[in-house]
Amino acid sequence: MFCCGKEAAKQQCFAASSKMAKNHTMQKITKKLVPFAYLSPTLLLLAVLSLIPIGMVFYYSLMDNVIMNKNPVFVGIANYVEIVRDDVFQQAISNTLFFTVVSVIFHLILGLSFALLLNTKLLGPLTKALFRVVYVLPWVFTATIIAVLWRLMLNPNGVINYILISAGLAAEQIEWLSSRQLALPTVTFINIWAGYPFYMVSLLAGLQGIAGELYEAGTIDGANERQLFRFITIPQLKPIIISLAMLDFIWTMHQFTLIWMTTGGGPIRTTEMLSTFTYKLAFSSYQFSMASTSAFVILILSMIVALFYVRNQKASDE
Amino acid sequence: MNRSISKPAATGVKKALLVVALLAGAFYAGFPVVWMVASSFKSNMEIFAYPPRLIGESFSPGAYAAVVTSPEKVRFFINSYLVSILVTLCTLVVGILAGYSFSRYQFRFKKPLNMLIISVQAVPPITLLIPYFGLIVTLQLFNTYAALVLTYMVFTLPYAILMMTGYFNTLPRELDEAVMIDGGSSLVALWRVLAPISLPGIVATGIYTFMQAWNEFLFALTLTKTMDMRTVPVGIQMLMGQHSYEWNEMMAMSVLGSLPVLILFLFFQRYFIAGMTAGSVKG
C-alpha cells in the first residue's frame with residue numbers, strides 16, 4: 001500500500017488495508033452468492049416439493065405399510081419383489097407400453113403429415129391459417145373434457161356408431177370402451193387425437209425454419225420431391241422429432257386423467273396403466289407402501305427416458 | 001412446349017388432392033369439437049336421439065343458462081381462474097429470476113442445477129402425489145388454494161426457467177452492463193431493461209403456464225376435498241359421478257371451460273409458437 005513512515009502509522013495502515021482486503025473478500029463472497037440469491041425461490045420450492053417427496057416415496061417403499069400402520073417396519077426390497085411378481089402390475093406395464101408406443105408413433109405420423117400439408121405453397125396464407133386453427137383444436141381441450149366428449153361420441157347409441165353403421169362399416173352397435181378387446185385401442189385412439197397438435201405446431205415451425213437454399217441446391221442437383229424430403233426435410237427436422245418423441249413418451253407414460261375418466265382402468269384391468277394402478281393402490285386400497293414402490297418404479301423408468309432426452313439436448317447444443 | 005401446358009394441370013391435380021387431404025384432416029380434428037358444441041345446445045332427452053342430428057329440434061341455450069346460474073358450477077370456474085392466474089404470476093416471477101441467474105452468471109453447480117431442473121420435468125406426478133398428501137396435511141394446506149398453487153409450480157417452473165434462460169441468452173449482455181455502469185444493480189437491469197424487452201417470451205411462457213394450470217386434474221382431485229374448492233376439470237368429473245348424466249350441461253361446461261385457453265391461443269399464437277420452439281424444443 002501507499003503508506004509508510006512511523007511505526008504507529010504503519011500499524012494503523014496495516015489494519016486499514018487488512019480491513020479493505022476483508023471488505024474485498026466479503027464483496028467477492030456476496031458476488032458469488034448473487035446467482036444463488038436469484039435461484040433461491042426455485043431451489044427452495046424444488047427441494048421441499050420435489051427432492052424431499054422423492055426421498056419420502058423411496059423411504060415408504062422400503063417399509064411394510066406406512067400411514068395406515070403406526071409403527072411401520074423396515075422390509076428392504078420385499079415390496080419390489082412383490083410388485084414385480086404382481087400380475088396386475090405386469091399387465092399395467094404392458095398396457096402402458098402399448099398405449100405409449102402406439103400414441104407416440106401416431107402422434108408423429110399425424111403431426112408431421114398435417115405440418116407438411118399446412119406448409120404448402122399452393123394455398124393462400126388465410127386458408128392455411130384457418131386450417132391451422134382447426135387442426136390445433138384438440139390441443140385446447142383438457143383431458144377431462146376430451147374424456148367426456150369421446151364418451152358421448154363413443155356411446156353405443158352415439159354418433160360414431162351411427163356413422164359406421166350408416167356407412168356399412170359396422171353391423172351392430174359397438175361397445176368401444178366397455179369391450180375387453182377394444183377398450184385399450186380405443187383409449188389409445190382418443191389419446192392420439194388429443195396429442196398430435198403439439199407435434200404439428202413444433203414441426204411446422206421447424207419446417208418454416210429450414211433454409212430455402214437447401215431445397216434450391218437440391219433441385220439444381222436434380223433431386224425429385226421424394227428425395228428432397230428424404231435427404232433434406234427429415235434430417236433437418238430430426239433433432240426436433242427426437243426431442244418431441246422423448247418428451248411425449250414421458251408424458252404419455254404418466255397419463256392418468258384420460259384413462260381415469262374414460263375406463264378407469266377397466267373393463268377387467270384391460271386398460272390399467274401404471275398411473276391408475278398406483279393411484280388405486282394408494283387411494284382406494286390404502287396400501288401406501290406398495291403404491292410408493294410402484295410410484296418409484298415409474299420414476300426410475302421415466303428417468304431412464306429423461307437421461308436420453310438430456311443427452312440428446314446436450315448433443316444438439318454442442 | 002408440352003411441359004408448359006401440363007405443368008399447370010399437374011399443379012391443379014396436386015392442389016385438388018391437397019384440399020381433399022386438408023378437408024379430411026379437418027374433419028378428423030374438428031368433428032368432435034363441432035359435436036361438443038352441437039350437443040351443448042340440445043336437450044338432455046335428445047342427446048342420443050336416433051338418427052343423430054347436428055341441430056336438434058330442442059335447440060336452446062338452456063344448458064348454458066343452467067351452468068351459469070348454478071352457484072356450485074360458477075365456483076368451479078372462479079377456482080380455476082384464481083389458481084391458474086396465481087400459478088402463472090408466481091411461476092413467471094420465480095422463473096424470470098432463475099432464468100436471469102442461469103443466463104448471466106457463472107457459478108458452481110450451475111450445470112448440475114440446470115440438469116436437476118430439466119429432470120424435474122420428467123418426474124411422474126403420481127410419484128409426488130403420495131408424499132404430497134401427507135406433506136400438505138402436515139403444512140396445514142389441505143383443501144386450500146396455496147396447496148394447488150405450490151404443487152402446480154413444481155411442474156410449471158422448470159419449463160418457465162428453461163424458456164426464460166433461452167430468451168435472456170438471445171439478448172446482448174451490453175444491455176445490463178450499461179445499467180450497472182450507471183450505478184444500477186443487477187436487479188434493476190433485470191426489471192427495467194431485460195424484462196420489458198423479453199415481453200414476447202414472457203407472454204409465451206405465461207400462456208403455457210396458464211394452460212398447464214388450467215388443465216391440471218390429479219392434484220386438484222386429491223389435494224382438495226370440499227365442492228367449493230374444486231376446479232373445472234374436477235368439477236366435470238363430479239358431474240359424471242352423479243346418478244343421471246346431464247350430457248348437455250357437461251358439454252356446455254366443457255365449451256365454457258375450453259374458451260379461456262382457446263382465446264389465449266388464438267390471440268397469442270404467434271408468440272406462443274415462436275416461444276415454444278425457441279425454449280423447449282431446440283432444433
# chains A, B, ... in the order shown; residues from 1 in each chain; ligands from 1
>>> residues_around(residues="segment 158-172 of chain B", least_positions_apart="4", cutoff="10 Å", atoms="only C-alpha atoms", output="PyMOL selection string")
(chain A and resi 42+46) or (chain B and resi 88+91-104+114+116-121+153-154+176-177+190+194-195+197-202+204-206+208-209+275-282)
>>> write_last_selection(atoms="N, CA and C atoms", output="short mmCIF file (atom, residue, chain, number, x, y, z; two decimals), in the first residue's frame")
data_model
loop_
_atom_site.label_atom_id
_atom_site.label_comp_id
_atom_site.auth_asym_id
_atom_site.auth_seq_id
_atom_site.Cartn_x
_atom_site.Cartn_y
_atom_site.Cartn_z
N THR A 42 -36.56 -20.83 -6.41
CA THR A 42 -36.67 -22.07 -7.18
C THR A 42 -36.12 -23.25 -6.39
N LEU A 46 -38.21 -26.49 -5.19
CA LEU A 46 -37.91 -27.81 -5.73
C LEU A 46 -37.41 -28.75 -4.63
N THR B 88 -49.62 -18.72 -12.65
CA THR B 88 -48.92 -18.04 -13.75
C THR B 88 -48.05 -16.91 -13.21
N THR B 91 -45.13 -18.34 -11.07
CA THR B 91 -44.16 -19.03 -11.92
C THR B 91 -43.32 -18.03 -12.70
N LEU B 92 -43.97 -16.98 -13.23
CA LEU B 92 -43.22 -16.01 -14.03
C LEU B 92 -42.18 -15.29 -13.17
N VAL B 93 -42.57 -14.82 -11.98
CA VAL B 93 -41.62 -14.08 -11.15
C VAL B 93 -40.43 -14.98 -10.78
N VAL B 94 -40.74 -16.16 -10.26
CA VAL B 94 -39.66 -17.07 -9.82
C VAL B 94 -38.84 -17.53 -11.03
N GLY B 95 -39.52 -17.81 -12.14
CA GLY B 95 -38.85 -18.31 -13.34
C GLY B 95 -37.95 -17.26 -13.97
N ILE B 96 -38.39 -15.99 -13.96
CA ILE B 96 -37.57 -14.92 -14.54
C ILE B 96 -36.29 -14.74 -13.71
N LEU B 97 -36.44 -14.75 -12.40
CA LEU B 97 -35.26 -14.61 -11.53
C LEU B 97 -34.26 -15.74 -11.79
N ALA B 98 -34.77 -16.97 -11.85
CA ALA B 98 -33.88 -18.11 -12.05
C ALA B 98 -33.27 -18.08 -13.45
N GLY B 99 -34.07 -17.73 -14.45
CA GLY B 99 -33.57 -17.66 -15.82
C GLY B 99 -32.46 -16.63 -15.94
N TYR B 100 -32.63 -15.51 -15.23
CA TYR B 100 -31.61 -14.45 -15.25
C TYR B 100 -30.31 -14.98 -14.68
N SER B 101 -30.42 -15.69 -13.58
CA SER B 101 -29.24 -16.26 -12.94
C SER B 101 -28.51 -17.21 -13.88
N PHE B 102 -29.26 -18.10 -14.53
CA PHE B 102 -28.63 -19.07 -15.43
C PHE B 102 -28.04 -18.40 -16.66
N SER B 103 -28.68 -17.33 -17.11
CA SER B 103 -28.22 -16.71 -18.35
C SER B 103 -27.01 -15.81 -18.13
N ARG B 104 -26.94 -15.12 -16.96
CA ARG B 104 -25.94 -14.06 -16.81
C ARG B 104 -24.78 -14.40 -15.88
N ASN B 114 -28.90 -27.02 -13.43
CA ASN B 114 -29.66 -26.95 -14.67
C ASN B 114 -30.22 -28.33 -15.03
N LEU B 116 -30.81 -30.74 -12.95
CA LEU B 116 -31.86 -31.08 -11.98
C LEU B 116 -33.19 -30.48 -12.43
N ILE B 117 -33.15 -29.23 -12.88
CA ILE B 117 -34.40 -28.56 -13.28
C ILE B 117 -34.99 -29.24 -14.51
N ILE B 118 -34.13 -29.63 -15.46
CA ILE B 118 -34.64 -30.34 -16.64
C ILE B 118 -35.27 -31.66 -16.22
N SER B 119 -34.62 -32.36 -15.30
CA SER B 119 -35.14 -33.70 -14.99
C SER B 119 -36.40 -33.66 -14.13
N VAL B 120 -36.62 -32.55 -13.41
CA VAL B 120 -37.87 -32.45 -12.64
C VAL B 120 -39.08 -32.56 -13.57
N GLN B 121 -38.91 -32.09 -14.82
CA GLN B 121 -39.99 -32.19 -15.79
C GLN B 121 -40.41 -33.62 -16.05
N MET B 153 -46.66 -25.47 -9.28
CA MET B 153 -45.43 -24.78 -9.68
C MET B 153 -44.26 -25.73 -9.89
N VAL B 154 -44.29 -26.87 -9.22
CA VAL B 154 -43.22 -27.85 -9.43
C VAL B 154 -43.18 -28.27 -10.90
N ASP B 176 -27.47 -5.06 -19.91
CA ASP B 176 -27.44 -4.95 -18.44
C ASP B 176 -26.16 -4.30 -17.96
N GLU B 177 -25.06 -4.47 -18.71
CA GLU B 177 -23.82 -3.82 -18.29
C GLU B 177 -23.98 -2.31 -18.31
N LEU B 190 -32.44 -6.18 -14.61
CA LEU B 190 -33.39 -7.23 -14.98
C LEU B 190 -34.80 -6.66 -15.17
N LEU B 194 -34.23 -5.78 -19.10
CA LEU B 194 -34.38 -7.09 -19.74
C LEU B 194 -35.83 -7.55 -19.80
N ALA B 195 -36.54 -7.43 -18.67
CA ALA B 195 -37.92 -7.93 -18.64
C ALA B 195 -38.80 -7.25 -19.70
N ILE B 197 -38.02 -5.96 -22.62
CA ILE B 197 -37.77 -6.42 -24.00
C ILE B 197 -38.12 -7.89 -24.16
N SER B 198 -38.18 -8.62 -23.06
CA SER B 198 -38.47 -10.05 -23.17
C SER B 198 -39.96 -10.34 -23.19
N LEU B 199 -40.77 -9.31 -23.29
CA LEU B 199 -42.20 -9.50 -23.19
C LEU B 199 -42.75 -10.65 -24.05
N PRO B 200 -42.32 -10.78 -25.33
CA PRO B 200 -42.86 -11.91 -26.11
C PRO B 200 -42.58 -13.25 -25.45
N GLY B 201 -41.36 -13.41 -24.95
CA GLY B 201 -41.01 -14.67 -24.29
C GLY B 201 -41.80 -14.86 -23.01
N ILE B 202 -42.01 -13.77 -22.28
CA ILE B 202 -42.75 -13.86 -21.02
C ILE B 202 -44.21 -14.21 -21.31
N ALA B 204 -45.39 -15.86 -23.92
CA ALA B 204 -45.46 -17.27 -24.34
C ALA B 204 -45.37 -18.19 -23.13
N THR B 205 -44.41 -17.92 -22.25
CA THR B 205 -44.25 -18.74 -21.05
C THR B 205 -45.49 -18.68 -20.18
N GLY B 206 -46.03 -17.45 -20.04
CA GLY B 206 -47.21 -17.25 -19.21
C GLY B 206 -48.40 -18.05 -19.73
N TYR B 208 -48.38 -20.72 -21.64
CA TYR B 208 -48.16 -22.16 -21.47
C TYR B 208 -48.41 -22.56 -20.01
N THR B 209 -47.92 -21.72 -19.08
CA THR B 209 -48.13 -21.99 -17.66
C THR B 209 -49.61 -21.99 -17.32
N GLY B 275 -42.18 -18.87 -29.16
CA GLY B 275 -41.57 -19.09 -27.85
C GLY B 275 -41.37 -20.56 -27.57
N MET B 276 -42.36 -21.36 -27.97
CA MET B 276 -42.28 -22.78 -27.70
C MET B 276 -41.10 -23.43 -28.40
N THR B 277 -40.95 -23.07 -29.66
CA THR B 277 -39.87 -23.71 -30.42
C THR B 277 -38.51 -23.18 -29.95
N ALA B 278 -38.48 -21.92 -29.50
CA ALA B 278 -37.20 -21.37 -29.06
C ALA B 278 -36.81 -21.96 -27.71
N GLY B 279 -37.79 -22.16 -26.85
CA GLY B 279 -37.47 -22.53 -25.48
C GLY B 279 -37.36 -24.01 -25.24
N SER B 280 -38.40 -24.73 -25.60
CA SER B 280 -38.44 -26.12 -25.13
C SER B 280 -37.78 -27.07 -26.11
N VAL B 281 -38.17 -26.94 -27.36
CA VAL B 281 -37.71 -27.92 -28.32
C VAL B 281 -36.67 -27.26 -29.21
N LYS B 282 -35.46 -27.41 -28.83
CA LYS B 282 -34.41 -26.76 -29.60
C LYS B 282 -34.07 -27.59 -30.84
#
>>> interface_residues(of="chain A", to="chain B", cutoff="6 Å", atoms="only C-alpha atoms", output="list in words")
Pro35, Tyr38, Leu39, Pro53, Val134, Tyr135, Val140, Phe141, Thr142, Thr144, Ile145, Pro239, Ile240, His254 and Ala295 of chain A
>>> write_last_selection(atoms="C-alpha atoms", output="mmCIF file, in the first residue's frame")
data_model
loop_
_atom_site.group_PDB
_atom_site.id
_atom_site.type_symbol
_atom_site.label_atom_id
_atom_site.label_comp_id
_atom_site.auth_asym_id
_atom_site.auth_seq_id
_atom_site.Cartn_x
_atom_site.Cartn_y
_atom_site.Cartn_z
ATOM 1 C CA PRO A 35 -26.721 -16.078 -8.646
ATOM 2 C CA TYR A 38 -31.793 -15.307 -7.718
ATOM 3 C CA LEU A 39 -32.189 -19.066 -7.686
ATOM 4 C CA PRO A 53 -41.066 -36.084 -1.527
ATOM 5 C CA VAL A 134 -58.966 -26.251 -36.877
ATOM 6 C CA TYR A 135 -56.042 -28.687 -36.676
ATOM 7 C CA VAL A 140 -57.059 -26.577 -26.288
ATOM 8 C CA PHE A 141 -59.149 -29.206 -24.506
ATOM 9 C CA THR A 142 -58.140 -30.578 -21.167
ATOM 10 C CA THR A 144 -61.235 -34.409 -18.576
ATOM 11 C CA ILE A 145 -63.188 -32.664 -21.320
ATOM 12 C CA PRO A 239 -33.415 -33.063 -33.664
ATOM 13 C CA ILE A 240 -36.940 -31.665 -33.137
ATOM 14 C CA HIS A 254 -47.698 -40.587 -16.990
ATOM 15 C CA ALA A 295 -44.508 -44.948 -7.963
#
>>> atom_distance(atom1="atom CA of Ala115 of chain A", atom2="atom CA of Met200 of chain A")
5.2 Å
>>> residues_around(residues="Ile105 of chain A", least_positions_apart="3", cutoff="12 Å", atoms="only C-alpha atoms", output="PyMOL selection string")
chain A and resi 98-102+108-112+188-189+191-192+195-196+199+241-242+244-246+248-249+252
>>> closest_residue(among="B:Leu82, B:Thr138, B:Glu246, B:Ser185", to="Gly62 of chain B", atoms="only C-alpha atoms")
B:Glu246
>>> closest_atom_pairs(of="segment 69-143 of chain A", to="segment 296-315 of chain A", cutoff="12 Å", atoms="only C-alpha atoms", output="JSON lines")
{"residue": "A:Asn79", "atom": "CA", "partner": "A:Phe296", "partner_atom": "CA", "distance": 11.1}
{"residue": "A:Tyr80", "atom": "CA", "partner": "A:Val297", "partner_atom": "CA", "distance": 8.5}
{"residue": "A:Val81", "atom": "CA", "partner": "A:Val297", "partner_atom": "CA", "distance": 11.6}
{"residue": "A:Ile83", "atom": "CA", "partner": "A:Val297", "partner_atom": "CA", "distance": 9.6}
{"residue": "A:Val84", "atom": "CA", "partner": "A:Val297", "partner_atom": "CA", "distance": 9.7}
{"residue": "A:Phe89", "atom": "CA", "partner": "A:Val297", "partner_atom": "CA", "distance": 10.8}
{"residue": "A:Ala92", "atom": "CA", "partner": "A:Ile298", "partner_atom": "CA", "distance": 11.1}
{"residue": "A:Ile93", "atom": "CA", "partner": "A:Ile298", "partner_atom": "CA", "distance": 9.6}
{"residue": "A:Thr96", "atom": "CA", "partner": "A:Ile298", "partner_atom": "CA", "distance": 10.7}
{"residue": "A:Leu97", "atom": "CA", "partner": "A:Leu301", "partner_atom": "CA", "distance": 11.3}
>>> select_by_dssp(residues="segment 70-144 of chain B", states="helix (DSSP H, G or I)", output="JSON, numbers by chain")
{"B": [71, 72, 73, 74, 75, 76, 77, 78, 79, 80, 81, 82, 83, 84, 85, 86, 87, 88, 89, 90, 91, 92, 93, 94, 95, 96, 97, 98, 99, 100, 101, 102, 103, 104, 110, 111, 112, 113, 114, 115, 116, 117, 118, 119, 120, 125, 126, 127, 128, 129, 130, 131, 132, 133, 134, 135, 136, 137, 138]}
